[in-house]
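To be precise, the following lines are final_25.cif, and they hold mmCIF, C-alpha atoms and all ligand atoms.
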```cif
data_input
loop_
_atom_site.label_atom_id
_atom_site.label_comp_id
_atom_site.auth_asym_id
_atom_site.auth_seq_id
_atom_site.Cartn_x
_atom_site.Cartn_y
_atom_site.Cartn_z
CA MET A 1 -5.15 -6.47 37.38
CA ASN A 2 -6.42 -5.61 33.91
CA THR A 3 -6.49 -8.28 31.28
CA PRO A 4 -5.40 -7.16 27.82
CA SER A 5 -8.99 -7.02 26.59
CA GLU A 6 -10.10 -4.81 29.49
CA PHE A 7 -7.30 -2.47 28.56
CA SER A 8 -9.27 -1.71 25.42
CA ALA A 9 -11.99 0.25 27.26
CA GLU A 10 -10.14 3.54 26.92
CA ARG A 11 -9.62 2.80 23.23
CA GLN A 12 -13.35 3.13 22.68
CA ALA A 13 -12.89 6.88 23.11
CA TRP A 14 -11.41 6.95 19.62
CA GLY A 15 -13.54 8.85 17.14
CA THR A 16 -12.98 11.30 14.37
CA ASN A 17 -13.97 14.91 14.89
CA ARG A 18 -14.78 16.24 11.47
CA PRO A 19 -13.78 18.64 10.10
CA TYR A 20 -10.38 17.20 10.91
CA PRO A 21 -8.19 19.62 12.85
CA VAL A 22 -4.58 20.12 11.84
CA ALA A 23 -2.27 18.49 14.39
CA GLN A 24 0.15 20.77 16.20
CA ARG A 25 2.83 18.15 15.66
CA TRP A 26 2.62 14.72 14.12
CA TYR A 27 5.08 12.68 16.15
CA GLU A 28 5.34 12.36 19.90
CA ARG A 29 8.73 11.61 21.39
CA LEU A 30 9.90 10.44 24.78
CA ASP A 31 13.60 10.32 25.62
CA LEU A 32 14.23 7.48 28.06
CA GLU A 33 17.41 6.73 29.97
CA ASN A 34 20.30 4.91 28.34
CA GLY A 35 20.10 6.58 24.91
CA VAL A 36 16.68 5.20 24.02
CA THR A 37 13.95 7.34 22.42
CA ARG A 38 10.37 6.22 21.94
CA PHE A 39 8.25 7.68 19.11
CA TRP A 40 4.57 7.32 18.32
CA GLU A 41 1.86 8.99 16.23
CA PRO A 42 -1.02 10.07 18.53
CA HIS A 43 -3.41 10.91 15.69
CA VAL A 44 -3.36 7.42 14.21
CA HIS A 45 -6.14 4.93 15.06
CA PRO A 46 -5.12 2.77 18.07
CA LEU A 47 -4.83 -0.33 15.89
CA GLU A 48 -2.08 1.25 13.82
CA GLN A 49 -0.61 3.57 16.45
CA ALA A 50 2.76 1.91 16.85
CA ASN A 51 5.79 2.67 18.98
CA PHE A 52 9.11 2.88 17.29
CA TRP A 53 12.49 3.18 18.92
CA HIS A 54 15.77 4.98 18.35
CA ILE A 55 18.81 3.64 20.20
CA ARG A 56 22.09 5.49 20.26
CA GLY A 57 25.34 3.59 19.91
CA SER A 58 28.94 4.78 19.94
CA GLU A 59 29.56 3.75 16.31
CA ARG A 60 26.10 3.73 14.80
CA ASP A 61 22.46 4.01 15.84
CA LEU A 62 19.56 1.60 15.56
CA LEU A 63 16.00 2.50 14.58
CA ILE A 64 13.49 -0.24 15.37
CA ASP A 65 10.41 0.29 13.14
CA SER A 66 9.37 3.63 11.65
CA GLY A 67 5.63 4.30 11.98
CA MET A 68 3.16 4.97 9.16
CA GLY A 69 5.24 7.27 6.98
CA ILE A 70 2.52 9.94 6.88
CA VAL A 71 5.08 12.67 7.66
CA PRO A 72 8.80 12.34 6.80
CA LEU A 73 10.57 11.08 9.91
CA ARG A 74 14.22 12.04 9.40
CA PRO A 75 13.69 15.79 8.89
CA SER A 76 11.37 15.84 11.94
CA PHE A 77 14.25 14.91 14.30
CA PRO A 78 17.51 16.40 13.02
CA ASP A 79 19.16 15.91 16.43
CA LEU A 80 18.78 12.13 16.07
CA PHE A 81 19.02 11.62 12.33
CA GLY A 82 22.10 13.55 11.29
CA ASP A 83 25.15 12.21 9.47
CA LYS A 84 25.64 9.24 11.78
CA GLU A 85 25.02 5.80 10.35
CA VAL A 86 21.63 4.39 11.35
CA ILE A 87 20.35 0.88 10.79
CA ALA A 88 16.59 0.95 10.17
CA LEU A 89 15.29 -2.45 11.22
CA ALA A 90 11.68 -3.61 10.83
CA THR A 91 10.25 -6.01 13.42
CA HIS A 92 7.78 -7.00 10.66
CA THR A 93 6.22 -5.34 7.64
CA HIS A 94 2.73 -4.17 8.67
CA ILE A 95 1.78 -0.61 7.67
CA ASP A 96 2.43 0.87 11.12
CA HIS A 97 6.01 -0.43 11.29
CA ILE A 98 7.66 0.27 7.92
CA GLY A 99 6.11 3.57 6.78
CA ALA A 100 9.31 5.65 6.87
CA ILE A 101 11.89 2.92 6.28
CA HIS A 102 12.37 4.08 2.68
CA GLU A 103 14.02 7.23 4.08
CA PHE A 104 16.98 5.21 5.34
CA GLU A 105 20.03 3.91 3.54
CA HIS A 106 20.32 0.71 5.62
CA ARG A 107 17.02 -1.19 5.65
CA TRP A 108 16.96 -4.50 7.47
CA VAL A 109 14.14 -7.03 7.77
CA HIS A 110 13.77 -10.76 8.30
CA ALA A 111 14.20 -12.78 5.12
CA ALA A 112 10.63 -14.14 5.37
CA GLU A 113 9.20 -10.63 4.83
CA ALA A 114 11.67 -9.22 2.31
CA ARG A 115 9.16 -9.37 -0.51
CA GLN A 116 6.37 -7.83 1.56
CA MET A 117 8.64 -4.91 2.47
CA ALA A 118 9.48 -4.24 -1.17
CA HIS A 119 5.85 -4.64 -2.31
CA PRO A 120 3.49 -4.08 0.63
CA SER A 121 0.00 -5.58 0.46
CA GLY A 122 -2.91 -5.88 2.91
CA VAL A 123 -3.65 -2.63 4.78
CA VAL A 124 -1.74 0.06 2.83
CA THR A 125 -4.19 2.98 3.02
CA LEU A 126 -5.64 5.55 5.44
CA VAL A 127 -9.16 5.15 4.02
CA CYS A 128 -11.08 2.65 6.13
CA ALA A 129 -13.50 1.78 3.30
CA ASP A 130 -10.50 0.34 1.43
CA ILE A 131 -9.80 -2.16 4.23
CA HIS A 132 -11.37 -5.57 3.70
CA PRO A 133 -14.51 -5.86 5.91
CA GLN A 134 -13.35 -9.26 7.15
CA LEU A 135 -10.16 -7.69 8.45
CA SER A 136 -12.01 -4.77 10.07
CA LYS A 137 -14.24 -7.32 11.83
CA LEU A 138 -11.20 -9.18 13.18
CA PHE A 139 -9.74 -5.99 14.62
CA VAL A 140 -12.97 -5.04 16.39
CA GLU A 141 -13.30 -8.56 17.77
CA ALA A 142 -9.73 -8.33 19.07
CA GLY A 143 -10.78 -5.26 21.11
CA TYR A 144 -10.09 -2.23 18.92
CA PRO A 145 -12.61 0.56 18.34
CA PRO A 146 -14.51 0.35 15.04
CA PHE A 147 -13.13 2.22 12.06
CA ASP A 148 -14.64 5.53 11.06
CA GLU A 149 -13.79 7.25 7.79
CA LEU A 150 -10.01 7.45 8.16
CA LEU A 151 -7.23 5.82 10.16
CA ILE A 152 -6.26 9.29 11.43
CA ASP A 153 -8.22 11.83 13.50
CA ALA A 154 -6.26 14.93 12.50
CA MET A 155 -4.39 16.17 9.44
CA PRO A 156 -0.60 16.46 9.58
CA TYR A 157 -0.72 19.83 7.81
CA GLU A 158 -3.11 22.17 5.99
CA GLY A 159 -4.15 20.79 2.59
CA TYR A 160 -3.09 17.17 3.31
CA ASP A 161 -5.07 14.68 1.23
CA PRO A 162 -5.30 11.34 3.08
CA ARG A 163 -6.59 9.67 -0.10
CA GLN A 164 -3.20 10.20 -1.69
CA TYR A 165 -1.47 8.21 1.04
CA ARG A 166 -0.04 4.83 0.08
CA LEU A 167 2.27 2.73 2.19
CA ARG A 168 5.55 3.05 0.36
CA GLY A 169 7.60 -0.12 0.22
CA ALA A 170 11.36 -0.29 0.14
CA VAL A 171 13.73 -2.99 -1.02
CA PRO A 172 15.66 -4.27 2.00
CA THR A 173 19.42 -3.82 1.90
CA HIS A 174 20.13 -6.64 4.37
CA LEU A 175 18.19 -9.71 5.48
CA VAL A 176 18.37 -10.84 9.10
CA HIS A 177 17.88 -14.29 10.62
CA ASP A 178 17.38 -15.79 14.06
CA LYS A 179 20.43 -15.24 16.36
CA ASP A 180 22.04 -12.56 14.19
CA THR A 181 23.72 -9.81 16.21
CA ILE A 182 23.67 -6.06 15.74
CA ASP A 183 26.73 -4.19 16.95
CA LEU A 184 26.37 -0.47 17.67
CA GLY A 185 29.92 -0.21 19.07
CA ASP A 186 29.23 0.03 22.80
CA ARG A 187 26.07 -2.08 22.78
CA ARG A 188 24.96 -5.30 21.17
CA PHE A 189 21.58 -6.73 20.26
CA GLU A 190 20.44 -10.15 19.18
CA ILE A 191 17.71 -10.88 16.64
CA ILE A 192 15.24 -13.50 17.78
CA GLN A 193 12.80 -14.78 15.22
CA LEU A 194 9.43 -15.17 16.94
CA PRO A 195 6.75 -15.70 14.28
CA GLY A 196 3.00 -15.97 14.80
CA HIS A 197 1.81 -12.39 14.39
CA SER A 198 3.52 -12.51 10.99
CA PRO A 199 5.89 -15.05 9.38
CA GLY A 200 9.01 -12.90 9.72
CA SER A 201 8.29 -11.24 13.07
CA ILE A 202 11.44 -10.62 15.08
CA CYS A 203 12.18 -9.34 18.57
CA ILE A 204 15.41 -7.50 19.38
CA TRP A 205 17.10 -8.53 22.60
CA GLU A 206 19.65 -6.52 24.57
CA GLU A 207 21.03 -8.99 27.07
CA ALA A 208 23.14 -6.43 28.94
CA THR A 209 20.03 -4.51 30.05
CA GLY A 210 17.47 -7.37 29.97
CA THR A 211 15.45 -5.34 27.46
CA LEU A 212 13.30 -6.82 24.72
CA TYR A 213 11.95 -4.80 21.79
CA SER A 214 9.00 -7.02 21.00
CA GLY A 215 7.31 -5.55 17.93
CA ASP A 216 3.76 -6.92 17.71
CA LEU A 217 4.48 -10.34 19.20
CA ILE A 218 3.49 -8.98 22.59
CA TYR A 219 2.26 -5.65 23.94
CA ASP A 220 -0.06 -4.56 26.75
CA GLY A 221 -3.19 -4.35 24.60
CA PRO A 222 -5.37 -6.57 22.39
CA LEU A 223 -3.03 -8.88 20.48
CA VAL A 224 -3.86 -9.54 16.83
CA TYR A 225 -3.36 -13.23 16.13
CA GLU A 226 -5.99 -14.10 13.53
CA GLY A 227 -5.53 -12.80 10.03
CA PRO A 228 -3.45 -13.18 6.89
CA GLY A 229 0.01 -14.59 7.66
CA MET A 230 -0.85 -15.34 11.30
CA ASP A 231 -0.61 -18.75 12.96
CA LEU A 232 -1.92 -19.49 16.43
CA GLU A 233 0.20 -22.62 17.14
CA VAL A 234 3.33 -20.82 16.06
CA TYR A 235 2.30 -17.72 18.04
CA ALA A 236 1.88 -19.82 21.20
CA GLN A 237 5.32 -21.38 20.72
CA SER A 238 6.86 -17.92 20.38
CA LEU A 239 5.16 -16.74 23.60
CA ARG A 240 6.45 -19.79 25.47
CA ARG A 241 9.94 -19.06 24.20
CA LEU A 242 9.67 -15.49 25.54
CA LYS A 243 8.60 -16.78 28.93
CA ALA A 244 11.83 -18.76 29.23
CA MET A 245 14.04 -15.72 28.58
CA PRO A 246 15.41 -13.51 31.42
CA ILE A 247 13.48 -10.45 30.19
CA GLN A 248 13.19 -7.52 32.62
CA VAL A 249 11.72 -4.77 30.42
CA VAL A 250 9.60 -4.96 27.28
CA HIS A 251 9.54 -2.01 24.89
CA ALA A 252 6.65 -3.11 22.72
CA GLY A 253 5.33 -2.25 19.27
CA HIS A 254 2.20 -0.73 20.84
CA ASP A 255 1.10 0.63 24.22
CA PRO A 256 3.25 1.42 27.27
CA SER A 257 6.35 -0.56 28.22
CA PHE A 258 6.11 -3.14 30.99
CA GLY A 259 8.16 -5.41 33.22
CA ARG A 260 8.60 -9.12 33.75
CA ALA A 261 5.52 -9.74 35.95
CA ARG A 262 3.18 -8.19 33.39
CA LEU A 263 4.94 -10.06 30.59
CA ILE A 264 4.19 -13.41 32.22
CA GLU A 265 0.63 -12.34 33.00
CA ILE A 266 -0.12 -11.36 29.38
CA ILE A 267 1.45 -14.56 28.02
CA ASP A 268 -0.54 -16.74 30.42
CA THR A 269 -3.77 -14.86 29.63
CA TYR A 270 -3.45 -15.55 25.92
CA LEU A 271 -2.25 -19.15 26.25
CA ARG A 272 -5.27 -19.85 28.49
CA ARG A 273 -7.61 -18.08 26.08
CA TRP A 274 -6.32 -20.27 23.26
CA GLY A 275 -6.62 -23.42 25.35
CA MET A 276 -2.84 -23.83 25.34
CA GLY A 277 -2.07 -22.97 28.97
CA ASP A 278 -0.03 -25.15 31.34
ZN ZN A 301 1.61 -2.90 14.87
ZN ZN A 302 1.69 -6.00 13.13
#
```

Please rewrite the model in this file as structure tokens.
Amino acid sequence: MNTPSEFSAERQAWGTNRPYPVAQRWYERLDLENGVTRFWEPHVHPLEQANFWHIRGSERDLLIDSGMGIVPLRPSFPDLFGDKEVIALATHTHIDHIGAIHEFEHRWVHAAEARQMAHPSGVVTLVCADIHPQLSKLFVEAGYPPFDELLIDAMPYEGYDPRQYRLRGAVPTHLVHDKDTIDLGDRRFEIIQLPGHSPGSICIWEEATGTLYSGDLIYDGPLVYEGPGMDLEVYAQSLRRLKAMPIQVVHAGHDPSFGRARLIEIIDTYLRRWGMGD
């Protein structure tokens, strides 16, 4: 069985092919069963290539995270983003999770990251030279391929200037807290605050289906646990809390979804690595 760091081997294939080609389409989309759609941006560097999720409800829809905001999201999927109310919820406020949240009327985030969502700092650019070398080093040590010139390997359209990109913040319209519920009409979700990757990291739990939307707390790839706003002790506590929950499926902030056995395996791998195993 692969450990999360071995998973990174295929990531080493990342490289930019200048001159940058124009991508045929920017977003990839996978419609899963039960009204769930997964999105991702294949031309973004693996470190920042996040999954985000659209979930249909009878009264309103839920969007969990929103990618980098390189290309407007709403107009790209008119069948999903029509007149119906949609709650755009951020699992946390890193660049790859809040890029398009400004397009939405209802913008929810945990209170601990409200300020960061309104005024993003840290990695807010596509130009790798603008990223602090210390941070770049951390990412490579975690198992990601080194940065080249840009965080993208194709242009979204002819004439796009990646130097003009800036992560656009948005003032949240509602602040969430641990144990809050989200009611879509025919389905309900619970917010679980699980910090460590960032102070206001949340997971979204659908008890009826045993499904956890985990953001960057856990995914089947190299976890990032050392850096600004990150706390290893707190991270370990959050992972232990996950282990105790009856989770069957994890739809994560990065990489493919996985089931309970893999969840336990990843948690145990990291707790052992940090010297915090049972
Ligand atoms: Zn992420
Ligand atoms: Zn993150």

(message) Neighbouring residues of Leu73 (chain A) were defined as those with any atom within 12 Å, considering only C-alpha atoms; residues of the same chain fewer than 5 positions away were excluded. Please report them as a count of residues only.
(response) 28

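Taking all atoms listed in the file into account, the residues that come within 8 Å of ligand ZN 301 (chain A) are A:Leu47, A:Glu48, A:Gln49, A:Ala50, A:His94, A:Ile95, A:Asp96, A:His97, A:Gly215, A:Asp216, A:Gly253, A:His254.
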
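Taking only C-alpha atoms into account, those protein, DNA and RNA residues with any atom at most 12 Å away from (9.5, -9.1, -6.8) amount to Glu113, Ala114, Arg115, Gln116, Met117, Ala118, His119, Pro120, Gly169, Ala170, Val171 and Pro172 of chain A.
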
With C-alpha atoms retained, export the selected residues as a PDB file, in the frame of the given file.
```
ATOM      1  CA  GLU A 113       9.200 -10.630   4.830  1.00  0.00           C
ATOM      2  CA  ALA A 114      11.670  -9.220   2.310  1.00  0.00           C
ATOM      3  CA  ARG A 115       9.160  -9.370  -0.510  1.00  0.00           C
ATOM      4  CA  GLN A 116       6.370  -7.830   1.560  1.00  0.00           C
ATOM      5  CA  MET A 117       8.640  -4.910   2.470  1.00  0.00           C
ATOM      6  CA  ALA A 118       9.480  -4.240  -1.170  1.00  0.00           C
ATOM      7  CA  HIS A 119       5.850  -4.640  -2.310  1.00  0.00           C
ATOM      8  CA  PRO A 120       3.490  -4.080   0.630  1.00  0.00           C
ATOM      9  CA  GLY A 169       7.600  -0.120   0.220  1.00  0.00           C
ATOM     10  CA  ALA A 170      11.360  -0.290   0.140  1.00  0.00           C
ATOM     11  CA  VAL A 171      13.730  -2.990  -1.020  1.00  0.00           C
ATOM     12  CA  PRO A 172      15.660  -4.270   2.000  1.00  0.00           C
TER      13      PRO A 172
END
```

(request) Go through A:Glu33, A:Asp278, A:Glu233, A:Glu226 and flag the residue nearest ligand ZN 302 (chain A), using all atoms listed in the file for the distances. (result) A:Glu226

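Of note, CA of Tyr144 (chain A) and CA of Pro21 (chain A) are spaced 22.8 Å apart.
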
(request) Please identify all polymer residues within 12 Å of His132 (chain A), counting all atoms listed in the file, omitting same-chain residues fewer than 3 positions from it, and present them as a VMD selection string. (result) chain A and resid 121 to 125 127 to 129 135 to 139 147 227 to 228

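With distances taken over all atoms listed in the file, A:Leu223 is the one residue among A:Leu223, A:Leu242, A:Leu30, A:Ala23 lying closest to ligand ZN 302 (chain A).
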
(message) Restricting the calculation to all atoms listed in the file: of A:Gly185, A:Pro199, A:Gly229, A:Gly221, which residue gets closest to Thr269 (chain A)?
(response) A:Gly221

(message) Using only C-alpha atoms for the distances, tell me which of A:Val176, A:Leu184, A:Ala252, A:Ala142 is nearest to Arg56 (chain A).
(response) A:Leu184

Extending 3 Å beyond the listed atoms of region 72-75 of chain A on each side, what axis-aligned box results? I want centre and edge lengths in Å to one decimal, as lines of an AutoDock Vina configuration file.
```
center_x = 11.5
center_y = 13.4
center_z = 8.4
size_x = 11.4
size_y = 10.7
size_z = 9.1
```

(request) Mind checking which residues fall within 12 Å of Arg273 (chain A), counting all atoms listed in the file, ignoring those fewer than 2 positions away in the same chain, and posting them as a PyMOL selection string? (result) chain A and resi 3-5+223+225+232+236+266-271+275-278

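The gap separating CA of Gln193 (chain A) from CA of Thr209 (chain A) is 19.4 Å, in Å to one decimal.
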
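Taking CA of Pro133 (chain A) as the reference point, CA of Pro256 (chain A) is found at 28.7 Å.
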
(request) Excluding Leu212 (chain A) and any residue of its chain fewer than 3 positions from it, enumerate the residues within 8 Å of it, using all atoms listed in the file, and give them as a list in words. (result) Cys203, Ile204, Trp205, Glu206, Ile247, Gln248, Val249, Val250, His251 and Ala252 of chain A
